[in-house]
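Have a look at the structure below before the remarks.
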Amino acid sequence: MLSSTEPSQRSHATPLSACIIAFNEADRIGDCLASLAFCDEIVVVDSGSGDATREIALRMGARVLVRPFDGFRSQKDFCVAQASHDWVLCLDADERVDDTLRAAIQAERESGFSRAAGYRFARLSDYFGRFLRHGNAYPDRVLRLFDRRRGGWRGAREVHESVKVDGTVATLHGDLLHFPYRSLMQQLTKTERYAKMMADYDFARGKRASIVKMIVAPMWRFWRGYLFRGGFLDGWRGLVYAYVRANYVRQKSIMLWLLQQGQPVADPAPASPTVVDEEGRS
């Protein structure tokens with residue numbers, strides 16, 4: 001069953017579609033879908049998972065589509081377009097709606113989402129077994145509930161994508177629980193990939209790095225999060241998180257600088273093998 005809510009209990013509520021993109025999330029997508037049981041439908045766009053992601057989603061009542069991945073923003077925009085209803089709630093497979101946020105969303109549904117064109121709420125991230133409640137990690141408010149007729153995943157940036165709406169944006173109580181990393185190595189790999197994507201994007205739109213920025217920007221990211229925003233209150237997890245995030249800024253700045261100098265940032269794609277026919281022609 002997709003929802004544990006009886007139809008009679010939500011017959012007057014505005015229809016709501018949940019939209020999720022996923023890739024190899026068999027260990028996490030079940031909890032994500034369970035937290036969305038109050039929605040009228042769940043649409044999952046899978047990028048070609050090699051595990052049981054699609055089977056789990058289908059078993060839990062989601063409508064599953066497969067689409068080659070061409071960017072986070074594009075994938076999410078496609079998912080929203082497949083929804084049956086105009087009001088959509090967008091999650092990643094490593095996120096879950098907590099009870100307080102669910103109640104807040106339900107209350108807005110009952111009033112026809114009359115207060116705004118979109119709603120934002122805090123995202124609370126797990127880090128090595130404990131939620132980070134300070135620093136740059138929290139509250140990390142994200143706009144994920146919106147009327148697709150008045151907004152969506154706009155812009156050209158495919159990483160660190162965000163929703164923009166035409167109209168008022170309101171804030172809801174509760175948290176979007178986030179379980180972003182299975183290990184430190186996964187975090188380092190992910191941040192390096194994101195740094196490369198952001199450097200490419202910034203370079204293409206004419207943004208430039210400098211020696212000063214390469215030195216100062218990572219330092220500022222660390223001290224802003226760890227000291228000024230209280231990241232130290234999260235103990236050693238807050239320290240590690242602040243260091244890794246500062247390193248992301250450092251990587252992005254160095255990559256952008258190298259692009260400016262015409263230097264390689266990533267290994268070149270391997271050349272396609274030459275095909276020779278029976279007569280020896282390539």
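How things are named: the first chain in the structure tokens is A, the next is B, and so on; residues count from 1 in each chain; ligands count from 1 in the order shown.
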Residues of region 16-166 of chain A in alpha helix (DSSP H), written as a PyMOL selection string: chain A and resi 29-34+53-59+72-82+99-110
Within 12 Å of region 236-245 of chain A, which residues of region 64-167 of chain A show up? Give each one with its shortest atom-to-atom distance in Å (one decimal) and the two atoms involved, counting only C-alpha atoms, rows by chain then rising residue number, as JSON lines.
```
{"residue": "A:Ser125", "atom": "CA", "partner": "A:Tyr241", "partner_atom": "CA", "distance": 10.9}
{"residue": "A:Asp126", "atom": "CA", "partner": "A:Arg237", "partner_atom": "CA", "distance": 9.9}
{"residue": "A:Tyr127", "atom": "CA", "partner": "A:Arg237", "partner_atom": "CA", "distance": 6.8}
{"residue": "A:Phe128", "atom": "CA", "partner": "A:Arg237", "partner_atom": "CA", "distance": 7.3}
{"residue": "A:Gly129", "atom": "CA", "partner": "A:Arg237", "partner_atom": "CA", "distance": 9.4}
{"residue": "A:Arg130", "atom": "CA", "partner": "A:Arg237", "partner_atom": "CA", "distance": 8.2}
{"residue": "A:Phe131", "atom": "CA", "partner": "A:Arg237", "partner_atom": "CA", "distance": 9.2}
{"residue": "A:Leu132", "atom": "CA", "partner": "A:Gly238", "partner_atom": "CA", "distance": 7.0}
{"residue": "A:Arg133", "atom": "CA", "partner": "A:Gly238", "partner_atom": "CA", "distance": 9.1}
{"residue": "A:His134", "atom": "CA", "partner": "A:Gly238", "partner_atom": "CA", "distance": 7.9}
{"residue": "A:Gly135", "atom": "CA", "partner": "A:Gly238", "partner_atom": "CA", "distance": 7.4}
{"residue": "A:Asn136", "atom": "CA", "partner": "A:Ala242", "partner_atom": "CA", "distance": 7.9}
{"residue": "A:Ala137", "atom": "CA", "partner": "A:Tyr241", "partner_atom": "CA", "distance": 8.4}
{"residue": "A:Tyr138", "atom": "CA", "partner": "A:Gly238", "partner_atom": "CA", "distance": 11.0}
```
Take the residues just selected and output them with N, CA and C atoms as a CSV table (one decimal), in the first residue's frame.
```csv
chain,number,residue,atom,x,y,z
A,125,SER,N,21.0,16.6,8.8
A,125,SER,CA,21.8,15.6,8.3
A,125,SER,C,22.5,14.7,9.3
A,126,ASP,N,22.5,13.4,9.1
A,126,ASP,CA,23.2,12.4,9.9
A,126,ASP,C,24.6,12.4,9.5
A,127,TYR,N,25.5,12.3,10.5
A,127,TYR,CA,27.0,12.3,10.2
A,127,TYR,C,27.6,11.3,11.1
A,128,PHE,N,28.0,10.2,10.6
A,128,PHE,CA,28.6,9.1,11.5
A,128,PHE,C,27.8,8.8,12.7
A,129,GLY,N,26.5,8.6,12.5
A,129,GLY,CA,25.6,8.1,13.5
A,129,GLY,C,25.0,9.2,14.4
A,130,ARG,N,25.1,10.4,14.1
A,130,ARG,CA,24.5,11.5,14.9
A,130,ARG,C,24.1,12.6,14.0
A,131,PHE,N,23.0,13.3,14.3
A,131,PHE,CA,22.6,14.4,13.5
A,131,PHE,C,23.4,15.7,13.9
A,132,LEU,N,23.8,16.4,12.8
A,132,LEU,CA,24.5,17.7,13.0
A,132,LEU,C,23.5,18.8,13.2
A,133,ARG,N,23.5,19.5,14.3
A,133,ARG,CA,22.5,20.5,14.6
A,133,ARG,C,23.1,21.9,14.6
A,134,HIS,N,24.3,22.1,14.2
A,134,HIS,CA,25.0,23.4,14.2
A,134,HIS,C,25.8,23.6,13.0
A,135,GLY,N,26.5,24.7,12.9
A,135,GLY,CA,27.4,24.9,11.9
A,135,GLY,C,26.8,25.2,10.5
A,136,ASN,N,27.5,24.9,9.4
A,136,ASN,CA,26.9,25.0,8.1
A,136,ASN,C,25.9,23.9,7.8
A,137,ALA,N,25.9,22.9,8.6
A,137,ALA,CA,25.0,21.7,8.3
A,137,ALA,C,23.6,22.0,8.6
A,138,TYR,N,23.3,22.8,9.5
A,138,TYR,CA,21.9,23.0,10.0
A,138,TYR,C,21.6,24.4,10.3
```
Could you list, with a cut-off of 9 Å and counting only C-alpha atoms, the residues of region 92-206 of chain A near region 29-49 of chain A, each shown with its nearest atom pair and the distance in Å rounded to one decimal, rows sorted by chain and ascending number, as a tab-separated table?
```
residue	atom	partner	partner_atom	distance
A:Asp92	CA	A:Cys32	CA	8.2
A:Ala93	CA	A:Ile29	CA	5.1
A:Asp94	CA	A:Cys32	CA	6.7
A:Glu95	CA	A:Cys32	CA	5.9
A:Arg96	CA	A:Cys32	CA	4.8
A:Val97	CA	A:Ser35	CA	5.4
A:Asp98	CA	A:Ser35	CA	7.2
A:Asp99	CA	A:Ser35	CA	8.5
A:Arg102	CA	A:Phe38	CA	8.1
A:Gln106	CA	A:Phe38	CA	8.2
```
12 Å contact set for Gln261 (chain A), only C-alpha atoms, chain neighbours under 6 positions out, as a VMD selection string: chain A and resid 203 208 to 210 254 to 255
For Gly155 (chain A), the nearest of the candidates A:Leu89, A:Tyr201, A:Ser17, A:Cys79, counting only C-alpha atoms: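 When distances to Gly155 (chain A) are compared using only C-alpha atoms, the smallest one comes from A:Tyr201.
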All strand (DSSP E) positions in region 111-204 of chain A, as a PyMOL selection string: chain A and resi 118-127+130-131+142-147+151-153+163-165+169-178
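The two atoms in question, CA of Ala104 (chain A) and CA of Asp140 (chain A), are spaced 17.9 Å apart.
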For His160 (chain A): contacts at 9 Å, only C-alpha atoms, fewer than 5 positions along chain excluded, given as number ranges by chain: A: 72-73, 194, 198
Based on the selection just made, write N, CA and C atoms of those residues as a PDB file, in the first residue's frame.
```
ATOM      1  N   PHE A  72      21.627  16.341 -12.152  1.00  0.00           N
ATOM      2  CA  PHE A  72      20.671  16.291 -11.047  1.00  0.00           C
ATOM      3  C   PHE A  72      19.444  17.160 -11.323  1.00  0.00           C
ATOM      4  N   ARG A  73      19.663  18.374 -11.802  1.00  0.00           N
ATOM      5  CA  ARG A  73      18.533  19.261 -12.054  1.00  0.00           C
ATOM      6  C   ARG A  73      17.637  18.697 -13.145  1.00  0.00           C
ATOM      7  N   TYR A 194      31.360  16.797  -7.148  1.00  0.00           N
ATOM      8  CA  TYR A 194      30.598  18.037  -7.148  1.00  0.00           C
ATOM      9  C   TYR A 194      31.508  19.241  -7.396  1.00  0.00           C
ATOM     10  N   MET A 198      30.956  21.936 -10.362  1.00  0.00           N
ATOM     11  CA  MET A 198      30.810  23.358 -10.089  1.00  0.00           C
ATOM     12  C   MET A 198      31.908  24.179 -10.757  1.00  0.00           C
TER      13      MET A 198
END
```
Separation of CA of Gly118 (chain A) from CA of Leu145 (chain A), in Å and rounded to one decimal: 5.6 Å
Residue with smallest distance to Leu58 (chain A) - pool A:Ala26, A:Ala269, A:Pro139, A:Gly262, counting only C-alpha atoms: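 Among the listed residues, the smallest separation from Leu58 (chain A) belongs to A:Ala26.
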Residue nearest Arg141 (chain A) among A:Arg115, A:Arg157, A:Arg109, A:His178 (counting only C-alpha atoms):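 Comparing A:Arg115, A:Arg157, A:Arg109, A:His178 against Arg141 (chain A), the winner is A:His178.
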Shell around Ala81 (chain A) at 12 Å using only C-alpha atoms, local window under 2 positions removed, as a PyMOL selection string: chain A and resi 17-20+43-45+65+74-79+83-88+90+147-149+151-153
Minimum-distance residue to Phe146 (chain A), chosen among A:Met60, A:Val80, A:Ala122, A:Met197 (using only C-alpha atoms): A:Val80
Close residues, Gln251 (chain A) itself excluded, 10 Å, only C-alpha atoms, min 4 positions apart in chain, as a list of chain:residue names: A:Thr191, A:Glu192, A:Arg193, A:Tyr194, A:Ala195, A:Lys196, A:Ala199, A:Met214, A:Pro218, A:Arg245, A:Ala246, A:Asn247, A:Met255, A:Leu256, A:Trp257
Atomic separation - CA of Gln187 (chain A) relative to CA of Lys252 (chain A), Å: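 A separation of 15.0 Å between them.
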